[in-house]
$ cat run-v8.tsv   # TSV, C-alpha atoms
chain	number	residue	atom	x	y	z
D	1	MET	CA	8.59	17.21	13.76
D	2	ASN	CA	8.95	17.96	17.43
D	3	GLU	CA	10.74	15.01	19.03
D	4	GLU	CA	9.02	15.39	22.39
D	5	ARG	CA	5.59	15.32	20.76
D	6	LEU	CA	6.57	12.33	18.68
D	7	VAL	CA	7.82	10.42	21.73
D	8	LYS	CA	4.58	11.20	23.58
D	9	GLY	CA	2.59	9.87	20.65
D	10	LEU	CA	4.74	6.73	20.49
D	11	LYS	CA	4.27	6.09	24.20
D	12	LYS	CA	0.52	6.48	23.82
D	13	LYS	CA	0.67	3.93	20.97
D	14	GLN	CA	-0.86	6.35	18.50
D	15	MET	CA	-0.68	5.23	14.87
D	16	TRP	CA	0.20	8.66	13.46
D	17	ALA	CA	3.37	8.64	15.60
D	18	TYR	CA	4.50	5.25	14.31
D	19	GLU	CA	3.78	6.26	10.75
D	20	THR	CA	5.79	9.46	11.19
D	21	LEU	CA	8.64	7.53	12.78
D	22	TYR	CA	8.67	5.08	9.91
D	23	ASN	CA	8.60	7.76	7.21
D	24	GLU	CA	11.44	9.68	8.80
D	25	TYR	CA	13.77	6.90	9.86
D	26	ALA	CA	13.13	3.82	7.73
D	27	PRO	CA	15.33	4.90	4.77
D	28	ARG	CA	18.21	5.98	7.02
D	29	LEU	CA	18.02	2.92	9.22
D	30	GLY	CA	17.75	0.70	6.16
D	31	SER	CA	20.93	2.18	4.70
D	32	VAL	CA	22.83	1.68	7.95
D	33	ILE	CA	21.58	-1.88	8.24
D	34	LYS	CA	22.57	-2.61	4.65
D	35	SER	CA	26.02	-1.09	5.23
D	36	TYR	CA	26.49	-3.19	8.34
D	37	LEU	CA	25.10	-6.53	7.25
D	38	GLY	CA	25.59	-6.21	3.52
D	39	THR	CA	22.65	-8.51	2.81
D	40	ASP	CA	19.01	-8.46	1.80
D	41	ASP	CA	17.86	-9.07	5.38
D	42	VAL	CA	17.25	-5.35	5.61
D	43	GLU	CA	13.46	-5.61	5.61
D	44	ASP	CA	13.41	-8.22	8.37
D	45	VAL	CA	15.74	-6.17	10.54
D	46	LEU	CA	13.73	-3.02	9.93
D	47	GLN	CA	10.49	-4.75	10.91
D	48	GLU	CA	12.05	-6.14	14.05
D	49	THR	CA	13.44	-2.70	14.90
D	50	PHE	CA	10.06	-1.00	14.75
D	51	ILE	CA	8.36	-3.77	16.71
D	52	LYS	CA	11.04	-3.44	19.40
D	53	VAL	CA	10.45	0.30	19.46
D	54	TYR	CA	6.74	-0.36	20.04
D	55	LYS	CA	7.43	-2.81	22.85
D	56	ASN	CA	10.13	-0.80	24.61
D	57	ILE	CA	9.18	2.85	24.02
D	58	ARG	CA	8.05	3.19	27.62
D	59	LYS	CA	11.65	2.52	28.70
D	60	PHE	CA	12.92	5.45	26.63
D	61	ARG	CA	13.68	8.17	29.15
D	62	GLY	CA	14.99	10.82	26.77
D	63	ASP	CA	18.59	10.63	28.02
D	64	SER	CA	19.69	10.36	24.39
D	65	LYS	CA	18.16	11.45	21.12
D	66	LEU	CA	15.38	9.31	19.73
D	67	SER	CA	17.47	8.71	16.61
D	68	THR	CA	20.40	7.44	18.69
D	69	TRP	CA	18.09	5.03	20.51
D	70	LEU	CA	16.62	3.83	17.21
D	71	TYR	CA	20.01	3.25	15.65
D	72	ARG	CA	21.15	1.39	18.75
D	73	ILE	CA	18.21	-1.02	18.52
D	74	ALA	CA	18.88	-1.63	14.82
D	75	VAL	CA	22.63	-2.12	15.37
D	76	ASN	CA	22.02	-4.56	18.23
D	77	ILE	CA	19.68	-6.62	16.07
D	78	CYS	CA	22.36	-6.65	13.35
D	79	LYS	CA	24.93	-7.80	15.91
D	80	ASP	CA	22.66	-10.67	16.93
D	81	ILE	CA	22.38	-11.72	13.30
D	82	ILE	CA	26.14	-11.57	12.85
D	83	ALA	CA	26.63	-13.65	15.99
D	84	LYS	CA	24.12	-16.24	14.69
D	85	ARG	CA	25.92	-16.29	11.36
D	86	ALA	CA	29.24	-16.86	13.07
D	87	LYS	CA	27.72	-19.81	14.88
D	88	LYS	CA	26.31	-21.23	11.67
D	89	LYS	CA	29.59	-20.31	9.94
D	90	GLU	CA	27.73	-18.53	7.20
D	91	TYR	CA	29.26	-15.72	5.29
D	92	LEU	CA	26.96	-13.72	3.15
D	93	THR	CA	27.88	-10.71	1.17
D	94	ASP	CA	25.45	-9.13	-1.17
D	95	PHE	CA	26.05	-5.72	-2.52
D	96	GLN	CA	24.15	-6.53	-5.70
D	97	GLU	CA	22.00	-3.83	-7.13
D	98	ASN	CA	18.30	-4.27	-6.49
D	99	ASP	CA	15.26	-2.73	-8.16
D	100	ASP	CA	14.20	-1.20	-4.85
D	101	TYR	CA	17.47	0.57	-4.35
D	102	ALA	CA	19.13	3.46	-6.08
D	103	THR	CA	21.48	2.29	-8.80
D	104	PHE	CA	24.89	3.72	-9.45
D	105	GLU	CA	25.31	4.87	-13.00
D	106	PRO	CA	28.83	5.05	-14.43
D	107	PRO	CA	29.75	8.42	-15.91
D	108	ALA	CA	28.49	8.89	-19.47
D	109	SER	CA	31.12	8.30	-22.09
D	110	THR	CA	31.17	7.68	-25.85
D	111	ASN	CA	34.16	5.37	-25.42
D	112	VAL	CA	32.78	1.86	-24.74
D	113	PHE	CA	36.14	0.51	-23.69
D	114	LYS	CA	36.54	3.28	-21.16
D	115	GLU	CA	32.99	2.62	-19.94
D	116	VAL	CA	33.73	-1.03	-19.35
D	117	MET	CA	36.99	-0.21	-17.61
D	118	ASP	CA	35.17	2.31	-15.42
D	119	GLU	CA	32.59	-0.32	-14.43
D	120	LEU	CA	35.31	-2.81	-13.54
D	121	SER	CA	37.05	-0.21	-11.49
D	122	LEU	CA	33.90	0.54	-9.57
D	123	GLU	CA	33.26	-3.15	-8.94
D	124	GLU	CA	36.81	-3.47	-7.73
D	125	LEU	CA	36.17	-0.58	-5.41
D	126	MET	CA	33.08	-2.25	-3.96
D	127	LYS	CA	35.07	-5.43	-3.35
D	128	VAL	CA	37.56	-3.35	-1.39
D	129	VAL	CA	34.78	-1.92	0.76
D	130	GLU	CA	33.37	-5.41	1.29
D	131	LYS	CA	36.70	-6.53	2.69
D	132	LEU	CA	36.30	-4.13	5.59
D	133	ALA	CA	35.02	-5.59	8.85
D	134	GLU	CA	31.34	-4.96	9.61
D	135	ASP	CA	32.12	-2.68	12.53
D	136	ASP	CA	34.50	-0.62	10.39
D	137	ARG	CA	31.87	-0.27	7.67
D	138	LEU	CA	29.35	0.83	10.28
D	139	LEU	CA	31.63	3.51	11.72
D	140	ILE	CA	32.52	4.88	8.30
D	141	ARG	CA	28.84	4.90	7.36
D	142	LEU	CA	27.70	6.72	10.49
D	143	ARG	CA	30.50	9.28	10.58
D	144	ASP	CA	31.71	9.93	7.05
D	145	ILE	CA	28.48	9.35	5.14
D	146	ASP	CA	25.67	10.16	7.58
D	147	GLY	CA	27.69	12.87	9.34
D	148	MET	CA	26.87	11.83	12.90
D	149	SER	CA	28.79	13.25	15.82
D	150	TYR	CA	31.18	11.10	17.81
D	151	GLU	CA	28.92	11.41	20.85
D	152	ASP	CA	25.93	10.06	18.92
D	153	ILE	CA	27.98	7.20	17.49
D	154	ALA	CA	29.28	6.40	20.98
D	155	GLY	CA	25.66	6.22	22.17
D	156	ILE	CA	24.71	3.91	19.31
D	157	ILE	CA	27.49	1.38	19.72
D	158	ASP	CA	27.70	1.87	23.49
D	159	LYS	CA	31.40	2.65	23.63
D	160	PRO	CA	33.30	5.70	24.95
D	161	VAL	CA	33.92	8.59	22.55
D	162	GLY	CA	37.67	8.01	22.65
D	163	THR	CA	37.22	4.40	21.61
D	164	VAL	CA	34.96	5.42	18.73
D	165	LYS	CA	37.53	7.95	17.48
D	166	SER	CA	40.41	5.52	17.53
D	167	ARG	CA	38.37	2.75	15.90
D	168	LEU	CA	37.18	5.08	13.17
D	169	HIS	CA	40.69	6.31	12.49
D	170	TYR	CA	41.78	2.70	12.19
D	171	ALA	CA	38.85	1.91	9.86
D	172	ARG	CA	39.75	4.81	7.57
D	173	LYS	CA	43.39	3.75	7.56
D	174	ARG	CA	42.35	0.19	6.74
D	175	LEU	CA	40.20	1.35	3.81
D	176	LYS	CA	43.01	3.50	2.50
D	177	GLU	CA	45.42	0.57	2.69
D	178	LEU	CA	42.98	-1.68	0.88
D	179	LEU	CA	42.63	0.92	-1.87
D	180	GLU	CA	46.40	1.09	-2.21
D	181	GLU	CA	46.66	-2.70	-2.29
D	182	VAL	CA	44.47	-2.95	-5.37
D	183	GLY	CA	46.20	0.03	-6.86
D	184	TYR	CA	42.96	1.94	-7.15
D	185	SER	CA	43.36	5.50	-8.17
D	186	GLU	CA	41.08	8.18	-9.54
D	187	HIS	CA	43.75	9.00	-12.09
D	188	SER	CA	43.94	5.46	-13.36
D	189	ARG	CA	40.19	5.44	-14.26
O	190	MET	CA	52.40	8.16	0.84
O	191	SER	CA	50.27	10.25	3.13
O	192	THR	CA	50.12	9.70	6.82
O	193	ARG	CA	47.02	8.60	8.57
O	194	ASP	CA	46.79	11.90	10.38
O	195	SER	CA	46.29	14.09	7.31
O	196	LEU	CA	43.20	12.15	6.21
O	197	ASN	CA	41.71	12.16	9.69
O	198	ASP	CA	42.69	15.78	10.22
O	199	TYR	CA	40.94	16.74	7.01
O	200	LEU	CA	37.81	14.77	7.82
O	201	ASP	CA	37.59	15.62	11.53
O	202	GLU	CA	39.67	18.66	12.31
O	203	GLY	CA	38.76	20.74	9.28
O	204	LEU	CA	42.22	20.77	7.72
O	205	ALA	CA	42.07	22.72	4.45
O	206	GLU	CA	42.61	20.90	1.17
O	207	ASN	CA	45.27	23.42	0.25
O	208	ASP	CA	47.35	22.23	3.18
O	209	LEU	CA	47.57	18.74	1.70
O	210	ASN	CA	50.37	17.71	-0.59
O	211	GLU	CA	49.84	16.00	-3.92
O	212	THR	CA	49.90	12.46	-2.55
O	213	GLU	CA	47.60	13.30	0.33
O	214	ARG	CA	45.12	14.89	-2.06
O	215	GLU	CA	45.23	11.78	-4.22
O	216	ASP	CA	44.55	9.57	-1.21
O	217	LEU	CA	41.74	11.85	-0.13
O	218	LYS	CA	40.10	11.74	-3.58
O	219	ASN	CA	40.30	7.96	-3.67
O	220	TYR	CA	38.83	7.74	-0.21
O	221	LEU	CA	35.97	10.10	-1.02
O	222	THR	CA	35.21	8.23	-4.26
O	223	ALA	CA	35.08	4.97	-2.33
O	224	LEU	CA	32.73	6.64	0.15
O	225	ALA	CA	30.47	7.93	-2.63
O	226	LEU	CA	30.22	4.49	-4.18
O	227	PHE	CA	29.61	2.89	-0.79
O	228	ARG	CA	26.79	5.36	-0.15
O	229	GLU	CA	25.17	4.71	-3.52
O	230	ARG	CA	25.38	0.93	-3.23
O	231	THR	CA	24.01	0.84	0.30
O	232	ASN	CA	21.30	3.43	-0.18
O	233	TYR	CA	17.96	1.97	0.81
O	234	ARG	CA	14.46	2.89	-0.26
O	235	PRO	CA	11.83	0.99	1.75
O	236	SER	CA	8.99	-0.54	-0.24
O	237	LYS	CA	5.30	0.27	0.35
O	238	ASN	CA	4.79	-3.36	1.25
O	239	LEU	CA	7.22	-3.04	4.12
O	240	LYS	CA	5.45	0.04	5.44
O	241	ASN	CA	2.11	-1.78	5.39
O	242	ASN	CA	3.65	-4.80	7.12
O	243	VAL	CA	5.27	-2.74	9.87
O	244	LEU	CA	2.25	-0.55	10.57
O	245	GLY	CA	-0.04	-3.59	10.33
O	246	LYS	CA	1.96	-5.34	13.06
O	247	VAL	CA	1.82	-2.24	15.24
O	248	LYS	CA	-1.96	-2.06	14.76
O	249	LYS	CA	-2.33	-5.73	15.67
O	250	ALA	CA	-0.25	-5.27	18.80
O	251	ASN	CA	-2.41	-2.26	19.71
O	252	LEU	CA	-5.61	-4.29	19.46
O	253	LEU	CA	-4.29	-7.28	21.42
O	254	PRO	CA	-5.29	-6.04	24.92
O	255	TYR	CA	-8.85	-5.40	23.74
O	256	ARG	CA	-9.08	-8.83	22.13
O	257	LEU	CA	-7.79	-10.44	25.30
O	258	GLY	CA	-10.35	-8.48	27.32
O	259	VAL	CA	-13.21	-9.66	25.10
O	260	LEU	CA	-11.94	-13.23	25.31
O	261	MET	CA	-11.75	-13.10	29.10
O	262	ALA	CA	-15.23	-11.59	29.32
O	263	ALA	CA	-16.55	-14.38	27.08
O	264	CYS	CA	-14.88	-17.01	29.29
O	265	VAL	CA	-16.33	-15.48	32.45
O	266	LEU	CA	-19.78	-15.33	30.87
O	267	ALA	CA	-19.51	-18.95	29.71
O	268	PHE	CA	-18.43	-19.96	33.21
O	269	PHE	CA	-21.34	-18.24	34.88
O	270	VAL	CA	-23.88	-19.61	32.38
O	271	THR	CA	-22.56	-23.14	32.86
O	272	PHE	CA	-22.43	-22.77	36.65
O	273	ASP	CA	-25.93	-21.37	36.70
O	274	PHE	CA	-27.20	-24.18	34.48
O	275	PHE	CA	-25.80	-26.96	36.64
O	276	SER	CA	-26.84	-25.37	39.91
O	277	SER	CA	-30.43	-24.77	38.90
O	278	ASN	CA	-31.38	-27.61	36.55
O	279	VAL	CA	-33.75	-30.31	37.59
O	280	ILE	CA	-33.67	-34.00	36.75
O	281	GLU	CA	-37.07	-35.52	36.61
O	282	ILE	CA	-37.42	-39.27	36.83
O	283	ARG	CA	-40.80	-40.81	36.21
O	284	SER	CA	-42.21	-44.09	35.12
O	285	ARG	CA	-42.06	-44.87	31.38
O	286	ASP	CA	-45.79	-45.59	31.25
O	287	ALA	CA	-46.88	-42.36	32.85
O	288	ALA	CA	-47.96	-39.68	30.35
O	289	PRO	CA	-46.32	-36.31	30.91
O	290	ASP	CA	-48.67	-33.97	32.67
O	291	PRO	CA	-48.51	-30.50	31.05
O	292	PHE	CA	-49.64	-28.86	34.26
O	293	GLU	CA	-46.94	-30.66	36.14
O	294	GLN	CA	-44.36	-29.48	33.66
O	295	LEU	CA	-45.68	-25.93	33.94
O	296	LEU	CA	-45.30	-26.12	37.68
O	297	MET	CA	-41.75	-27.32	37.20
O	298	LEU	CA	-41.01	-24.39	34.98
O	299	GLN	CA	-42.33	-22.11	37.69
O	300	ARG	CA	-39.99	-23.80	40.14
O	301	SER	CA	-42.74	-25.55	42.14
O	302	SER	CA	-41.90	-28.85	43.78
O	303	GLY	CA	-44.82	-30.68	42.02
O	304	PRO	CA	-45.64	-34.39	42.16
O	305	LEU	CA	-42.12	-35.53	41.14
O	306	VAL	CA	-40.51	-38.77	41.98
O	307	TYR	CA	-37.14	-37.24	42.61
O	308	SER	CA	-35.95	-33.69	42.44
O	309	LEU	CA	-32.38	-32.46	42.47
O	310	SER	CA	-33.32	-28.81	42.36
O	311	THR	CA	-31.20	-27.07	44.96
O	312	GLU	CA	-33.87	-24.45	45.46
O	313	ASP	CA	-36.45	-27.10	46.23
O	314	ALA	CA	-34.02	-28.67	48.63
O	315	GLU	CA	-33.51	-25.33	50.35
O	316	LEU	CA	-37.28	-24.74	50.61
O	317	SER	CA	-37.83	-28.15	52.17
O	318	GLY	CA	-35.05	-27.51	54.62
O	319	ASP	CA	-33.05	-30.32	53.13
O	320	SER	CA	-29.33	-30.14	53.69
O	321	PHE	CA	-29.02	-31.43	50.17
O	322	ALA	CA	-28.21	-27.89	48.99
O	323	GLN	CA	-25.03	-28.01	51.00
O	324	ILE	CA	-23.63	-30.90	49.07
O	325	SER	CA	-21.26	-29.97	46.27
O	326	ILE	CA	-22.33	-30.16	42.66
O	327	GLU	CA	-19.98	-33.04	42.08
O	328	ASP	CA	-21.57	-35.05	44.87
O	329	LYS	CA	-24.99	-34.27	43.48
O	330	LEU	CA	-23.99	-35.51	40.06
O	331	MET	CA	-22.58	-38.70	41.54
O	332	ARG	CA	-25.80	-39.20	43.44
O	333	SER	CA	-27.84	-38.64	40.29
O	334	VAL	CA	-25.90	-41.37	38.54
O	335	GLU	CA	-26.77	-43.72	41.37
O	336	PHE	CA	-30.41	-42.78	41.01
O	337	LEU	CA	-30.35	-43.55	37.33
O	338	ARG	CA	-28.86	-46.96	37.78
O	339	ASP	CA	-31.63	-48.04	40.09
O	340	ASP	CA	-34.55	-46.33	38.43
O	341	VAL	CA	-33.71	-47.06	34.80
O	342	LYS	CA	-33.63	-50.73	35.80
O	343	ALA	CA	-37.06	-50.31	37.28
O	344	GLY	CA	-38.37	-49.01	33.94
O	345	ALA	CA	-38.21	-45.30	34.77
O	346	ASP	CA	-37.77	-42.58	32.19
O	347	LEU	CA	-35.44	-39.66	32.51
O	348	ALA	CA	-35.98	-36.10	31.49
O	349	VAL	CA	-33.99	-33.03	32.29
O	350	VAL	CA	-35.91	-29.89	32.79
O	351	SER	CA	-34.19	-26.67	33.54
O	352	SER	CA	-36.40	-24.29	35.33
O	353	THR	CA	-34.20	-21.37	34.41
O	354	TYR	CA	-34.48	-21.49	30.59
$ encode --input "run-v8.tsv" --output "structure tokens"
Amino acid sequence: MNEERLVKGLKKKQMWAYETLYNEYAPRLGSVIKSYLGTDDVEDVLQETFIKVYKNIRKFRGDSKLSTWLYRIAVNICKDIIAKRAKKKEYLTDFQENDDYATFEPPASTNVFKEVMDELSLEELMKVVEKLAEDDRLLIRLRDIDGMSYEDIAGIIDKPVGTVKSRLHYARKRLKELLEEVGYSEHSR
Amino acid sequence: MSTRDSLNDYLDEGLAENDLNETEREDLKNYLTALALFRERTNYRPSKNLKNNVLGKVKKANLLPYRLGVLMAACVLAFFVTFDFFSSNVIEIRSRDAAPDPFEQLLMLQRSSGPLVYSLSTEDAELSGDSFAQISIEDKLMRSVEFLRDDVKAGADLAVVSSTY
């Protein structure tokens, strides 16, 4: 899909453009939102993101990629939610599996004990990831999982490239340390 | 224990796996496993419901200017109809005993002055050269109330005939 044509359609408020935008970006945005917030507010944030796109598309000048702009809107909405949570002193973490989402299946094994131990190990691993700060989870998601460039990430979180690099390096180091703390090892599984 | 640099160098600078020592490879494997699990657990598949909700809201927002336009047009039309009604209606006051004359009523409908006791038709006032037409509608209404007070006491009847409708 040609981005220029899509942006033109979005600015003209044509339904086919919004449907295309949704089909292409909703899963990716949803994953990033879930990584960042770690809750089931994903649908609300996604809805708000697309409504904001509708209201502000005329302000999009094409200085950055459309995807970068989209991610930035979603991330800013997430930041607002986190700020509200901090005010309310809520702490929600929900990495529970959901019927709508892909489930992680442990490797097949005839040894039940080993299967159970594997499951525990994976749960332990998720707890480690949950201990990371939201911003660290976001950076690891965007760079190491979604494969975005540093320039794109800098555009999304509105920080210089150098800052993004150093923060990401710190986030990776932090995750590694957390893994070592719990003594997690591939060999021990 | 591997240094931070080897992990970052591998992930960012393209350092080959062969260049890593045993411990660094172990750390890398653990890190990549954690990443794989993180990706699986945070993978999101939007529901059809969500798509309908989002596109429905966009459609609604698209239609809003047209709805506002129709509403404004309806308000303007209502204003003009009301204004026209009050500026061209006629209040007829006659004695209770007098039978309504159909011809007289027909004349009224045709905007003739007719044998009326009182007429508040602005057009009649204009025709007779009365400066009544220059008085504001509010003043006219206040005057008509005064009329009613006196004439209803005297046993007069009141009918409103609009010559426009």
$ atom_distance --input "run-v8.tsv" --atom1 "atom CA of Glu181 of chain D" --atom2 "atom CA of Leu125 of chain D"
11.1 Å
$ interface_residues --input "run-v8.tsv" --of "chain O" --to "chain D" --cutoff "10 Å" --atoms "all atoms listed in the file" --output "number ranges by chain"
O: 190-194, 196-198, 200-201, 215-236, 238-248, 250-251
$ atom_distance --input "run-v8.tsv" --atom1 "atom CA of Ser64 of chain D" --atom2 "atom CA of Leu138 of chain D"
19.6 Å
$ atom_distance --input "run-v8.tsv" --atom1 "atom CA of Thr212 of chain O" --atom2 "atom CA of Glu124 of chain D"
21.3 Å
$ residues_around --input "run-v8.tsv" --residues "Ile156 of chain D" --least-positions-apart "5" --cutoff "8 Å" --atoms "only C-alpha atoms" --output "PyMOL selection string"
chain D and resi 68-69+71-72+75
$ decode --input "run-v8.tsv" --residues "segment 41-53 of chain D" --atoms "N, CA and C atoms" --output "short mmCIF file (atom, residue, chain, number, x, y, z; two decimals), in the first residue's frame"
data_model
loop_
_atom_site.label_atom_id
_atom_site.label_comp_id
_atom_site.auth_asym_id
_atom_site.auth_seq_id
_atom_site.Cartn_x
_atom_site.Cartn_y
_atom_site.Cartn_z
N ASP D 41 -6.31 -2.88 28.75
CA ASP D 41 -6.84 -1.61 28.24
C ASP D 41 -6.51 -1.44 26.78
N VAL D 42 -5.98 -2.49 26.16
CA VAL D 42 -5.47 -2.36 24.79
C VAL D 42 -6.54 -1.84 23.85
N GLU D 43 -7.75 -2.40 23.94
CA GLU D 43 -8.81 -2.00 23.01
C GLU D 43 -9.14 -0.53 23.14
N ASP D 44 -9.24 -0.06 24.40
CA ASP D 44 -9.57 1.36 24.61
C ASP D 44 -8.50 2.26 24.01
N VAL D 45 -7.25 1.88 24.24
CA VAL D 45 -6.14 2.71 23.73
C VAL D 45 -6.13 2.69 22.21
N LEU D 46 -6.38 1.52 21.64
CA LEU D 46 -6.41 1.42 20.18
C LEU D 46 -7.51 2.30 19.59
N GLN D 47 -8.69 2.25 20.20
CA GLN D 47 -9.81 3.08 19.71
C GLN D 47 -9.44 4.54 19.76
N GLU D 48 -8.88 4.93 20.91
CA GLU D 48 -8.52 6.34 21.08
C GLU D 48 -7.45 6.76 20.06
N THR D 49 -6.54 5.82 19.78
CA THR D 49 -5.47 6.13 18.80
C THR D 49 -6.07 6.43 17.44
N PHE D 50 -6.97 5.57 16.98
CA PHE D 50 -7.53 5.77 15.64
C PHE D 50 -8.42 7.01 15.57
N ILE D 51 -9.11 7.32 16.65
CA ILE D 51 -9.93 8.54 16.66
C ILE D 51 -9.02 9.77 16.60
N LYS D 52 -7.89 9.71 17.32
CA LYS D 52 -6.94 10.83 17.28
C LYS D 52 -6.34 10.97 15.89
N VAL D 53 -6.10 9.86 15.24
CA VAL D 53 -5.59 9.91 13.87
C VAL D 53 -6.60 10.64 12.99
#
